[in-house]
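Structure file upload-v6.cif (mmCIF, C-alpha atoms and all ligand atoms) is printed below.
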data_work
loop_
_atom_site.label_atom_id
_atom_site.label_comp_id
_atom_site.auth_asym_id
_atom_site.auth_seq_id
_atom_site.Cartn_x
_atom_site.Cartn_y
_atom_site.Cartn_z
CA MET A 1 0.00 0.00 0.00
CA GLU A 2 1.44 3.41 -0.95
CA SER A 3 2.15 5.84 1.89
CA ILE A 4 -0.22 8.77 2.34
CA LYS A 5 0.65 12.00 4.15
CA THR A 6 -1.55 11.99 7.26
CA GLU A 7 -2.80 15.47 8.26
CA LEU A 8 -3.12 16.09 12.00
CA LEU A 9 -6.14 18.34 12.59
CA ASN A 10 -6.09 19.69 16.13
CA ALA A 11 -9.53 19.95 17.75
CA ARG A 12 -8.74 20.43 21.42
CA ASN A 13 -10.66 23.68 21.96
CA PRO A 14 -13.61 25.42 20.25
CA ASP A 15 -11.42 27.52 17.91
CA GLU A 16 -9.47 24.47 16.74
CA VAL A 17 -12.71 22.50 16.29
CA ALA A 18 -14.11 25.30 14.12
CA ALA A 19 -11.10 25.01 11.79
CA ALA A 20 -10.64 21.23 11.86
CA VAL A 21 -14.23 20.18 11.19
CA PRO A 22 -14.68 21.76 7.72
CA ARG A 23 -11.29 20.42 6.58
CA ALA A 24 -12.03 16.89 7.82
CA ALA A 25 -15.55 17.03 6.34
CA ALA A 26 -14.16 18.05 2.94
CA LEU A 27 -11.78 15.06 2.98
CA LEU A 28 -14.65 12.70 3.87
CA ARG A 29 -16.76 14.07 1.01
CA GLU A 30 -13.84 13.34 -1.35
CA GLY A 31 -13.96 9.68 -0.32
CA LYS A 32 -10.91 9.94 1.96
CA LEU A 33 -10.30 8.38 5.39
CA VAL A 34 -10.43 10.50 8.54
CA ALA A 35 -9.93 9.18 12.08
CA PHE A 36 -12.05 11.07 14.61
CA PRO A 37 -12.84 10.94 18.33
CA THR A 38 -16.02 9.42 19.70
CA GLU A 39 -16.95 8.85 23.34
CA THR A 40 -16.23 5.10 23.03
CA VAL A 41 -13.03 4.84 20.95
CA TYR A 42 -11.54 6.73 18.00
CA GLY A 43 -13.23 5.72 14.74
CA LEU A 44 -11.80 5.42 11.24
CA GLY A 45 -14.41 7.24 9.16
CA ALA A 46 -15.43 7.19 5.51
CA ASP A 47 -18.53 8.28 3.57
CA ALA A 48 -20.87 5.32 4.20
CA THR A 49 -22.62 5.85 0.86
CA ASN A 50 -19.37 5.62 -1.19
CA PRO A 51 -18.27 1.97 -1.70
CA ILE A 52 -14.72 2.91 -2.76
CA ALA A 53 -14.24 5.02 0.38
CA VAL A 54 -15.54 2.13 2.48
CA ALA A 55 -13.18 -0.33 0.76
CA ARG A 56 -10.28 1.96 1.74
CA ILE A 57 -11.19 1.42 5.42
CA PHE A 58 -10.53 -2.32 5.10
CA SER A 59 -7.34 -1.66 3.15
CA ALA A 60 -5.98 0.80 5.73
CA LYS A 61 -6.79 -1.53 8.65
CA GLY A 62 -5.28 -4.56 6.92
CA ARG A 63 -8.44 -6.50 7.76
CA PRO A 64 -8.19 -10.04 6.29
CA THR A 65 -11.96 -10.31 5.95
CA PHE A 66 -14.94 -7.99 5.63
CA ASP A 67 -16.91 -7.38 8.81
CA PRO A 68 -20.03 -5.22 8.73
CA LEU A 69 -19.31 -1.62 9.75
CA ILE A 70 -21.24 0.71 12.05
CA VAL A 71 -22.74 3.76 10.34
CA HIS A 72 -22.69 6.98 12.38
CA ILE A 73 -25.25 9.77 12.14
CA ALA A 74 -25.38 13.23 13.76
CA ASP A 75 -29.12 13.48 14.32
CA ARG A 76 -32.21 11.25 14.58
CA SER A 77 -33.62 12.99 11.49
CA GLU A 78 -30.87 11.25 9.42
CA LEU A 79 -32.09 7.77 10.34
CA PRO A 80 -34.20 7.34 7.15
CA ARG A 81 -30.98 7.57 5.11
CA VAL A 82 -29.64 4.49 6.89
CA LEU A 83 -32.56 2.26 7.89
CA SER A 84 -35.43 0.85 5.80
CA SER A 85 -38.95 2.18 6.29
CA SER A 86 -39.95 -1.08 8.01
CA ALA A 87 -37.10 -0.62 10.51
CA LEU A 88 -38.15 2.98 11.13
CA SER A 89 -41.61 1.82 12.19
CA ASP A 90 -40.28 -0.87 14.58
CA PRO A 91 -41.18 0.50 18.04
CA ARG A 92 -38.09 -1.19 19.52
CA VAL A 93 -35.85 1.03 17.38
CA SER A 94 -37.52 4.14 18.81
CA ALA A 95 -37.36 2.76 22.34
CA LEU A 96 -33.59 2.18 22.15
CA ALA A 97 -32.91 5.47 20.36
CA ASP A 98 -34.99 7.39 22.95
CA ALA A 99 -33.21 5.70 25.83
CA PHE A 100 -29.56 5.69 24.69
CA TRP A 101 -28.93 8.20 21.89
CA PRO A 102 -26.76 10.10 21.68
CA GLY A 103 -24.49 7.50 23.25
CA PRO A 104 -22.61 4.18 23.08
CA LEU A 105 -25.36 2.00 21.60
CA THR A 106 -25.51 0.55 18.06
CA ILE A 107 -28.80 -0.68 16.61
CA VAL A 108 -28.66 -3.37 13.90
CA ALA A 109 -31.81 -3.29 11.74
CA PRO A 110 -32.83 -3.62 8.05
CA ALA A 111 -30.88 -1.17 5.86
CA SER A 112 -32.03 1.47 3.39
CA ALA A 113 -31.02 1.10 -0.26
CA ALA A 114 -28.46 3.92 0.16
CA ILE A 115 -26.13 1.74 2.24
CA PRO A 116 -23.73 -0.25 0.01
CA GLU A 117 -23.33 -4.00 0.40
CA LEU A 118 -19.73 -3.70 1.58
CA VAL A 119 -20.79 -1.65 4.64
CA ARG A 120 -23.18 -4.51 5.54
CA ALA A 121 -20.81 -7.32 4.45
CA GLY A 122 -23.66 -8.37 2.16
CA LEU A 123 -26.26 -8.64 4.96
CA PRO A 124 -29.70 -7.03 4.63
CA SER A 125 -29.19 -5.22 7.95
CA VAL A 126 -26.92 -2.37 9.02
CA GLY A 127 -25.55 -1.15 12.37
CA VAL A 128 -26.28 2.51 13.15
CA ARG A 129 -25.18 4.73 16.02
CA LEU A 130 -25.65 8.36 17.05
CA PRO A 131 -22.52 9.16 19.08
CA ALA A 132 -22.52 11.54 22.05
CA HIS A 133 -19.18 13.18 21.18
CA GLU A 134 -19.83 16.78 20.07
CA THR A 135 -16.90 16.96 17.64
CA ALA A 136 -17.92 13.65 16.06
CA ARG A 137 -21.45 14.96 15.53
CA ALA A 138 -20.22 18.30 14.16
CA LEU A 139 -18.02 16.40 11.70
CA ILE A 140 -20.81 14.09 10.49
CA ARG A 141 -23.15 17.06 10.12
CA ALA A 142 -20.56 19.03 8.12
CA ALA A 143 -19.77 16.05 5.89
CA GLY A 144 -23.47 15.81 5.03
CA CYS A 145 -23.38 12.00 4.75
CA PRO A 146 -23.61 9.10 7.19
CA ILE A 147 -20.11 7.98 8.24
CA ALA A 148 -19.03 4.33 8.37
CA ALA A 149 -16.44 3.86 11.09
CA PRO A 150 -14.82 0.87 12.76
CA SER A 151 -12.31 1.45 15.54
CA ALA A 152 -9.23 3.26 14.17
CA ASN A 153 -6.67 0.50 14.74
CA LEU A 154 -4.76 -1.97 12.58
CA PHE A 155 -6.30 -5.43 12.38
CA GLY A 156 -5.61 -7.45 15.53
CA GLN A 157 -4.33 -4.50 17.57
CA LEU A 158 -5.90 -2.63 20.45
CA SER A 159 -8.74 -0.19 19.92
CA PRO A 160 -7.45 3.39 20.17
CA THR A 161 -8.73 5.67 22.93
CA SER A 162 -6.41 8.57 22.06
CA ALA A 163 -5.23 10.33 18.92
CA ALA A 164 -1.68 9.18 19.73
CA HIS A 165 -2.80 5.52 19.56
CA VAL A 166 -4.32 6.21 16.14
CA ALA A 167 -1.19 7.97 14.86
CA GLU A 168 1.07 5.09 16.02
CA GLN A 169 -0.92 2.56 14.04
CA LEU A 170 -2.32 4.42 11.04
CA SER A 171 0.05 7.28 10.14
CA GLY A 172 0.85 6.99 6.44
CA ARG A 173 -2.26 4.86 5.81
CA ILE A 174 -5.08 7.42 6.28
CA HIS A 175 -5.63 11.01 5.16
CA ALA A 176 -6.22 12.79 8.48
CA ILE A 177 -6.61 12.41 12.24
CA VAL A 178 -8.86 14.75 14.22
CA VAL A 179 -6.86 15.21 17.42
CA ALA A 180 -8.99 15.68 20.56
CA GLU A 181 -8.99 14.45 24.15
CA PRO A 182 -8.92 10.70 25.02
CA SER A 183 -12.22 8.81 24.67
CA ARG A 184 -14.37 8.99 27.79
CA VAL A 185 -16.00 5.52 27.69
CA GLY A 186 -12.98 3.57 26.41
CA VAL A 187 -14.85 0.47 25.18
CA GLU A 188 -16.87 0.11 22.00
CA SER A 189 -20.62 0.55 21.79
CA THR A 190 -23.12 -2.10 22.86
CA VAL A 191 -24.60 -3.70 19.71
CA VAL A 192 -28.24 -4.84 19.73
CA SER A 193 -29.94 -6.43 16.72
CA LEU A 194 -33.62 -5.80 16.04
CA LEU A 195 -34.52 -7.96 13.06
CA PRO A 196 -38.12 -8.25 11.83
CA GLY A 197 -40.08 -11.05 13.47
CA GLU A 198 -37.21 -11.93 15.81
CA PRO A 199 -36.54 -11.17 19.46
CA ALA A 200 -33.87 -8.57 20.22
CA ARG A 201 -30.34 -9.94 20.57
CA LEU A 202 -27.26 -8.56 22.30
CA LEU A 203 -24.53 -8.98 19.65
CA ARG A 204 -21.74 -7.23 21.56
CA PRO A 205 -21.53 -6.02 25.14
CA GLY A 206 -20.21 -2.46 25.35
CA GLY A 207 -20.65 1.02 26.72
CA VAL A 208 -24.33 0.63 27.66
CA PRO A 209 -24.83 -2.10 30.31
CA ARG A 210 -26.97 -5.07 29.31
CA GLU A 211 -29.39 -4.51 32.20
CA LEU A 212 -30.28 -1.06 30.88
CA VAL A 213 -30.95 -2.44 27.39
CA GLU A 214 -33.15 -5.18 28.89
CA HIS A 215 -35.08 -2.58 30.82
CA ALA A 216 -35.69 -0.38 27.77
CA LEU A 217 -36.85 -3.38 25.72
CA ALA A 218 -38.91 -5.02 28.50
CA PRO A 219 -42.30 -4.04 26.95
CA PHE A 220 -41.31 -5.89 23.76
CA GLY A 221 -39.90 -9.11 25.24
CA PRO A 222 -36.58 -10.59 26.36
CA LEU A 223 -33.06 -9.74 25.17
CA LEU A 224 -31.46 -12.92 23.79
CA GLU A 225 -27.88 -13.99 23.15
CA PRO A 226 -26.54 -13.97 19.55
CA ALA A 227 -28.05 -16.67 17.33
CA ALA A 228 -26.07 -19.93 17.31
CA PRO A 229 -23.64 -20.25 14.40
CA SER A 230 -25.10 -22.17 11.47
CA PRO A 231 -24.10 -25.86 11.05
CA SER A 232 -22.30 -25.03 7.79
CA ASP A 233 -19.66 -23.24 9.86
CA ALA A 234 -18.18 -26.60 10.77
CA ALA A 235 -16.77 -26.85 7.25
CA LEU A 236 -15.06 -23.49 7.39
CA PRO A 237 -11.50 -22.50 8.24
CA ALA A 238 -12.61 -20.11 10.99
CA PRO A 239 -15.75 -21.52 12.66
CA GLY A 240 -18.19 -18.96 13.96
CA MET A 241 -17.02 -16.20 11.70
CA THR A 242 -19.57 -16.60 8.97
CA ALA A 243 -22.96 -17.14 10.58
CA SER A 244 -23.71 -13.46 10.12
CA HIS A 245 -22.31 -13.18 6.61
CA TYR A 246 -24.10 -13.15 3.32
CA ALA A 247 -23.78 -16.40 1.40
CA PRO A 248 -24.88 -16.60 -2.22
CA ARG A 249 -27.51 -19.27 -2.93
CA ALA A 250 -25.51 -20.59 -5.86
CA ARG A 251 -22.47 -22.71 -5.18
CA VAL A 252 -19.14 -20.96 -5.59
CA ARG A 253 -16.21 -22.88 -7.09
CA ILE A 254 -12.67 -21.49 -7.24
CA ILE A 255 -10.76 -23.02 -10.16
CA ASP A 256 -7.26 -22.84 -11.51
CA PRO A 257 -7.73 -21.83 -15.17
CA ALA A 258 -4.60 -23.84 -16.07
CA SER A 259 -6.17 -27.13 -14.85
CA PRO A 260 -9.84 -26.39 -14.24
CA ASP A 261 -12.09 -28.82 -12.36
CA LEU A 262 -15.36 -28.58 -14.31
CA ARG A 263 -17.01 -31.73 -12.94
CA ASN A 264 -20.81 -31.58 -12.49
CA LEU A 265 -21.12 -28.11 -13.97
CA SER A 266 -23.77 -27.02 -16.47
CA ARG A 267 -25.05 -23.47 -15.91
CA VAL A 268 -22.48 -21.05 -14.52
CA ALA A 269 -21.84 -17.38 -13.88
CA LEU A 270 -18.25 -16.14 -14.12
CA LEU A 271 -16.55 -13.85 -11.63
CA ALA A 272 -12.94 -12.86 -12.32
CA PRO A 273 -10.41 -10.63 -10.55
CA ASP A 274 -9.87 -8.59 -13.75
CA ASP A 275 -10.80 -8.42 -17.44
CA ALA A 276 -7.83 -10.51 -18.60
CA THR A 277 -8.75 -13.37 -16.23
CA LEU A 278 -12.39 -13.08 -17.26
CA ALA A 279 -11.36 -13.71 -20.87
CA ARG A 280 -9.48 -16.85 -19.73
CA LEU A 281 -12.50 -18.01 -17.72
CA GLU A 282 -14.71 -17.56 -20.81
CA GLN A 283 -12.40 -19.91 -22.74
CA VAL A 284 -12.34 -22.46 -19.93
CA ALA A 285 -16.15 -22.39 -19.70
CA ALA A 286 -16.69 -22.67 -23.46
CA GLY A 287 -18.58 -25.97 -23.14
CA LEU A 288 -20.91 -24.73 -20.37
CA THR A 289 -23.94 -22.43 -20.34
CA VAL A 290 -22.66 -19.07 -19.13
CA VAL A 291 -25.62 -16.94 -17.94
CA ALA A 292 -23.68 -13.92 -16.61
CA ARG A 293 -20.16 -12.69 -16.17
CA ALA A 294 -18.33 -9.94 -14.28
CA ALA A 295 -14.83 -8.73 -13.45
CA LEU A 296 -14.21 -7.28 -9.98
CA SER A 297 -12.21 -4.48 -11.65
CA GLU A 298 -10.88 -3.93 -15.17
CA GLN A 299 -7.27 -4.22 -14.08
CA LEU A 300 -6.27 -5.68 -10.72
CA ASP A 301 -7.40 -3.00 -8.26
CA PRO A 302 -8.22 -4.50 -4.85
CA VAL A 303 -9.90 -1.34 -3.51
CA ARG A 304 -12.29 -1.19 -6.47
CA ALA A 305 -12.74 -4.98 -6.36
CA ALA A 306 -13.61 -4.95 -2.65
CA SER A 307 -16.13 -2.17 -3.18
CA GLN A 308 -17.90 -4.32 -5.82
CA LEU A 309 -17.52 -7.82 -4.39
CA PHE A 310 -20.85 -8.30 -2.59
CA GLU A 311 -22.86 -6.35 -5.21
CA LEU A 312 -21.49 -8.58 -7.99
CA LEU A 313 -21.97 -11.81 -6.03
CA HIS A 314 -25.58 -10.74 -5.53
CA GLN A 315 -26.09 -9.92 -9.21
CA LEU A 316 -24.57 -13.19 -10.42
CA ASP A 317 -26.62 -15.10 -7.86
CA GLU A 318 -29.80 -13.42 -9.16
CA ALA A 319 -28.87 -14.17 -12.77
CA LEU A 320 -28.46 -17.88 -11.92
CA ARG A 321 -31.67 -18.02 -9.93
CA VAL A 322 -33.95 -17.64 -12.97
CA ASP A 323 -35.01 -21.25 -13.74
CA GLY A 324 -32.02 -22.36 -11.71
CA ASP A 325 -31.20 -25.82 -10.38
CA ALA A 326 -28.88 -27.30 -7.79
CA HIS A 327 -25.87 -27.48 -10.12
CA ASP A 328 -25.75 -23.75 -10.79
CA THR A 329 -22.40 -22.35 -9.81
CA ILE A 330 -20.46 -19.12 -9.68
CA LEU A 331 -17.05 -19.94 -11.15
CA THR A 332 -14.13 -17.82 -10.04
CA THR A 333 -10.33 -17.93 -9.72
CA PRO A 334 -8.14 -17.29 -6.65
CA TYR A 335 -7.86 -13.58 -5.87
CA PRO A 336 -4.19 -12.47 -5.46
CA GLU A 337 -3.55 -12.00 -1.76
CA PRO A 338 -1.31 -8.99 -1.10
CA GLY A 339 -2.98 -6.17 0.86
CA LEU A 340 -6.75 -5.91 0.60
CA GLY A 341 -6.67 -8.87 -1.81
CA ALA A 342 -6.41 -11.17 1.24
CA ALA A 343 -9.85 -10.04 2.44
CA ILE A 344 -11.35 -10.62 -1.00
CA ALA A 345 -9.73 -14.06 -1.28
CA ASP A 346 -10.94 -14.91 2.24
CA ARG A 347 -14.53 -14.02 1.41
CA LEU A 348 -14.49 -16.04 -1.81
CA ARG A 349 -13.02 -19.06 0.02
CA ARG A 350 -15.75 -18.83 2.67
CA ALA A 351 -18.42 -18.59 0.00
CA SER A 352 -16.98 -21.65 -1.75
CA ALA A 353 -16.79 -23.66 1.52
CA GLU A 354 -20.39 -23.07 2.53
CA ARG A 355 -22.82 -26.09 2.54
O1 LIG B 401 -18.03 2.24 19.69
C1 LIG B 401 -18.09 1.82 18.55
O2 LIG B 401 -19.04 1.14 18.15
C2 LIG B 401 -16.94 2.15 17.60
C3 LIG B 401 -16.94 3.66 17.40
C4 LIG B 401 -15.94 4.11 16.38
O3 LIG B 401 -18.23 4.10 17.07
N1 LIG B 401 -17.08 1.45 16.37
C5 LIG B 401 -16.88 0.10 16.26
O4 LIG B 401 -17.06 -0.38 14.98
O5 LIG B 401 -16.60 -0.60 17.19
P1 LIG B 401 -16.66 -1.83 14.53
O6 LIG B 401 -16.69 -1.82 13.02
O7 LIG B 401 -15.39 -2.29 15.14
O8 LIG B 401 -17.84 -2.72 15.04
C6 LIG B 401 -18.57 -3.49 14.14
C7 LIG B 401 -19.37 -4.52 14.87
C8 LIG B 401 -19.33 -5.85 14.14
O9 LIG B 401 -18.22 -6.62 14.52
C9 LIG B 401 -20.63 -6.44 14.59
O10 LIG B 401 -20.50 -6.94 15.89
C10 LIG B 401 -21.56 -5.25 14.65
O11 LIG B 401 -20.75 -4.13 14.85
N2 LIG B 401 -22.33 -5.03 13.42
C11 LIG B 401 -22.30 -3.96 12.59
N3 LIG B 401 -23.15 -4.11 11.58
C12 LIG B 401 -23.76 -5.28 11.77
C13 LIG B 401 -24.76 -6.02 11.04
N4 LIG B 401 -25.30 -5.56 9.92
N5 LIG B 401 -25.13 -7.20 11.54
C14 LIG B 401 -24.57 -7.70 12.65
N6 LIG B 401 -23.63 -7.05 13.36
C15 LIG B 401 -23.23 -5.88 12.93
MG MG B 402 -12.73 -2.86 16.31
#
Output the file's structure in the form of structure tokens.
Ligand code: TXA
Ligand code: MG
Amino acid sequence: MESIKTELLNARNPDEVAAAVPRAAALLREGKLVAFPTETVYGLGADATNPIAVARIFSAKGRPTFDPLIVHIADRSELPRVLSSSALSDPRVSALADAFWPGPLTIVAPASAAIPELVRAGLPSVGVRLPAHETARALIRAAGCPIAAPSANLFGQLSPTSAAHVAEQLSGRIHAIVVAEPSRVGVESTVVSLLPGEPARLLRPGGVPRELVEHALAPFGPLLEPAAPSPSDAALPAPGMTASHYAPRARVRIIDPASPDLRNLSRVALLAPDDATLARLEQVAAGLTVVARAALSEQLDPVRAASQLFELLHQLDEALRVDGDAHDTILTTPYPEPGLGAAIADRLRRASAER
């Protein structure tokens, strides 16, 4: 990954905040990455409606897989940009928002169409939070878009509660850091899922104690533990990691174009890392019925590829579904692993291992 000059934007008093916020907001609107303080931990922010910006988050963190990200808003009135209309009319959403926003609580509920698949890791639901930190809210408001933000640390390292922690880990990998005081809460938000027709579940303990969430949801029923991982996880390299991830209905097979295993294939859709590999896949699949094809990017570009991965899997899955049968398969080739490519390769391997 090429080194980026990381701007330090001081925001330790009102005058500094007034200068830092418009600069940071302008960077976010350009699709760049800005670390910013929240009351829980520092977040690594990007425009949640821009899939390329969101892909850069995974690249900067060196995350080997795609986890769903929390989308941050500045005001309750922005909720319709993030959640579906059915979610907005779920009384449990209002109960939690009334009780804990602004603050360290994330609500997972069905997403609006404006939220790209990569933010949701392909799931139909999205996590949304209205933070209490004034500078965070001023920044989101000035950016004019919801902000996707995981904790601003490298993969596998500690969550940052100060701007110095962020700088140690991410200098040279992100465009700016908004420098304010250390985070007050110091642990991430509590995550509660409210899916239609299902009881509420506590997905992650965090800044709001479980007992308080139970109390707020008491009129609507109990607060359950996360759903048990699906049985298909047993077949996967990292059990438990995929229960919450989108799996295409079609089978996924990763082949080596030099010695392709085409057993039991009839109707296929082709997914290639780039245009050149797609042309090779077309040749390999010459004897099969190819119903759709796509390249993750024209030339190998992992950021662009990551931003498209779930959308394209969905589209190919849909194309196969028309009059489909059990042998329908998405055929792909191994994604090259340096940098963000590892996360793409990981997701394709998981998809091919399922069932
Ligand atoms: O306090 C926080 O929540 C911090 C600050 C920056 O706001 N953010 C944070 O983000 O911790 P992150 O990306 O590390 O947390 C994402 C977690 C996922 O691991 C998952 O537990 C949950 O949020 N999550 C988000 N979207 C979800 C979804 N659609 N379905 C299930 N879980 C989801
Ligand atoms: Mg984290």
Could you give me, as a PyMOL selection string, the residues within 9 Å of Tyr42 in chain A, counting only C-alpha atoms and dropping anything in the same chain fewer than 4 positions from it? chain A and resi 35-38+149-153+159-163+165-166+182-183
Each chain A residue no farther than 7 Å from ligand LIG 401 (chain B), nearest pair in Å, all atoms listed in the file, as CSV:
residue,atom,partner,partner_atom,distance
A:Thr38,CA,B:LIG401,C4,6.3
A:Thr40,CA,B:LIG401,O1,4.8
A:Val41,CA,B:LIG401,C3,5.4
A:Tyr42,CA,B:LIG401,C4,5.4
A:Gly43,CA,B:LIG401,C4,3.6
A:Leu44,CA,B:LIG401,C4,6.7
A:Asp67,CA,B:LIG401,O9,5.9
A:Pro68,CA,B:LIG401,N3,4.4
A:Leu69,CA,B:LIG401,O6,4.2
A:Ile70,CA,B:LIG401,C11,4.8
A:Pro104,CA,B:LIG401,O1,6.0
A:Thr106,CA,B:LIG401,O2,6.5
A:Val108,CA,B:LIG401,C13,5.5
A:Arg120,CA,B:LIG401,N4,5.0
A:Leu123,CA,B:LIG401,N4,5.9
A:Ser125,CA,B:LIG401,N4,4.4
A:Val126,CA,B:LIG401,N4,3.7
A:Gly127,CA,B:LIG401,N3,3.9
A:Pro131,CA,B:LIG401,O3,6.9
A:Ala149,CA,B:LIG401,C4,5.3
A:Pro150,CA,B:LIG401,O6,3.3
A:Ser151,CA,B:LIG401,C4,4.6
A:Val187,CA,B:LIG401,O1,6.6
A:Glu188,CA,B:LIG401,O1,3.3
A:Ser189,CA,B:LIG401,O1,3.7
A:Val191,CA,B:LIG401,C10,6.1
A:Ser193,CA,B:LIG401,C14,6.9
A:Leu203,CA,B:LIG401,O10,5.9
A:Arg204,CA,B:LIG401,O10,5.8
A:Ser244,CA,B:LIG401,C14,6.3
Compare A:Thr49, A:Gln157, A:Gln169, A:Asn10 by their minimum atom-to-atom distance to ligand MG 402 (chain B), counting only C-alpha atoms and all ligand atoms, and give me the closest one. A:Gln157
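If you look at CA of Ala55 in chain A and CA of Asp256 in chain A, they are 26.3 Å away from each other.
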Which residue is closest to Asp90 in chain A? Choose from A:Arg56, A:Ala20, A:Ala200, A:Pro302 and count all atoms listed in the file. A:Ala200
May I ask for the distance between CA of Pro199 in chain A and CA of Arg347 in chain A, given in Å to one decimal place?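 Between CA of Pro199 in chain A and CA of Arg347 in chain A the gap works out to 28.6 Å.
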Extending 6 Å beyond the listed atoms of range 80-92 of chain A on each side, what axis-aligned box results? I want centre and edge lengths in Å to one decimal, as lines of an AutoDock Vina configuration file.
center_x = -35.6
center_y = 3.2
center_z = 12.3
size_x = 24.0
size_y = 20.8
size_z = 26.4
Work out how far CA of Arg173 in chain A is from CA of Leu28 in chain A, in Å to one decimal.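 The value is 14.8 Å.
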Might you pull out every residue within 9 Å of Gly341 in chain A, with all atoms listed in the file counted and same-chain residues fewer than 3 positions away left off, and present them as a short mmCIF file (atom, residue, chain, number, x, y, z; two decimals) with C-alpha atoms, in the coordinates of the input?
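Result file follows (out-v1.cif):
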data_model
loop_
_atom_site.label_atom_id
_atom_site.label_comp_id
_atom_site.auth_asym_id
_atom_site.auth_seq_id
_atom_site.Cartn_x
_atom_site.Cartn_y
_atom_site.Cartn_z
CA SER A 59 -7.34 -1.66 3.15
CA PRO A 64 -8.19 -10.04 6.29
CA ASP A 301 -7.40 -3.00 -8.26
CA PRO A 302 -8.22 -4.50 -4.85
CA VAL A 303 -9.90 -1.34 -3.51
CA ALA A 305 -12.74 -4.98 -6.36
CA ALA A 306 -13.61 -4.95 -2.65
CA TYR A 335 -7.86 -13.58 -5.87
CA PRO A 336 -4.19 -12.47 -5.46
CA GLU A 337 -3.55 -12.00 -1.76
CA PRO A 338 -1.31 -8.99 -1.10
CA ILE A 344 -11.35 -10.62 -1.00
CA ALA A 345 -9.73 -14.06 -1.28
CA ASP A 346 -10.94 -14.91 2.24
#
Excluding same-chain residues fewer than 5 positions from Ala164 in chain A, what lies within 10 Å of it counting all atoms listed in the file, as a PyMOL selection string? chain A and resi 169-171+177+179-180+182
Please, could you write that set of residues out with C-alpha atoms as a PDB file, in the coordinates of the input?
ATOM      1  CA  GLN A 169      -0.920   2.560  14.040  1.00  0.00           C
ATOM      2  CA  LEU A 170      -2.320   4.420  11.040  1.00  0.00           C
ATOM      3  CA  SER A 171       0.050   7.280  10.140  1.00  0.00           C
ATOM      4  CA  ILE A 177      -6.610  12.410  12.240  1.00  0.00           C
ATOM      5  CA  VAL A 179      -6.860  15.210  17.420  1.00  0.00           C
ATOM      6  CA  ALA A 180      -8.990  15.680  20.560  1.00  0.00           C
ATOM      7  CA  PRO A 182      -8.920  10.700  25.020  1.00  0.00           C
TER       8      PRO A 182
END
Min atom-atom distance to ligand MG 402 (chain B) from the set A:Ala292, A:Val34, A:Ala97, A:Ile57, counting all atoms listed in the file, belongs to A:Ile57
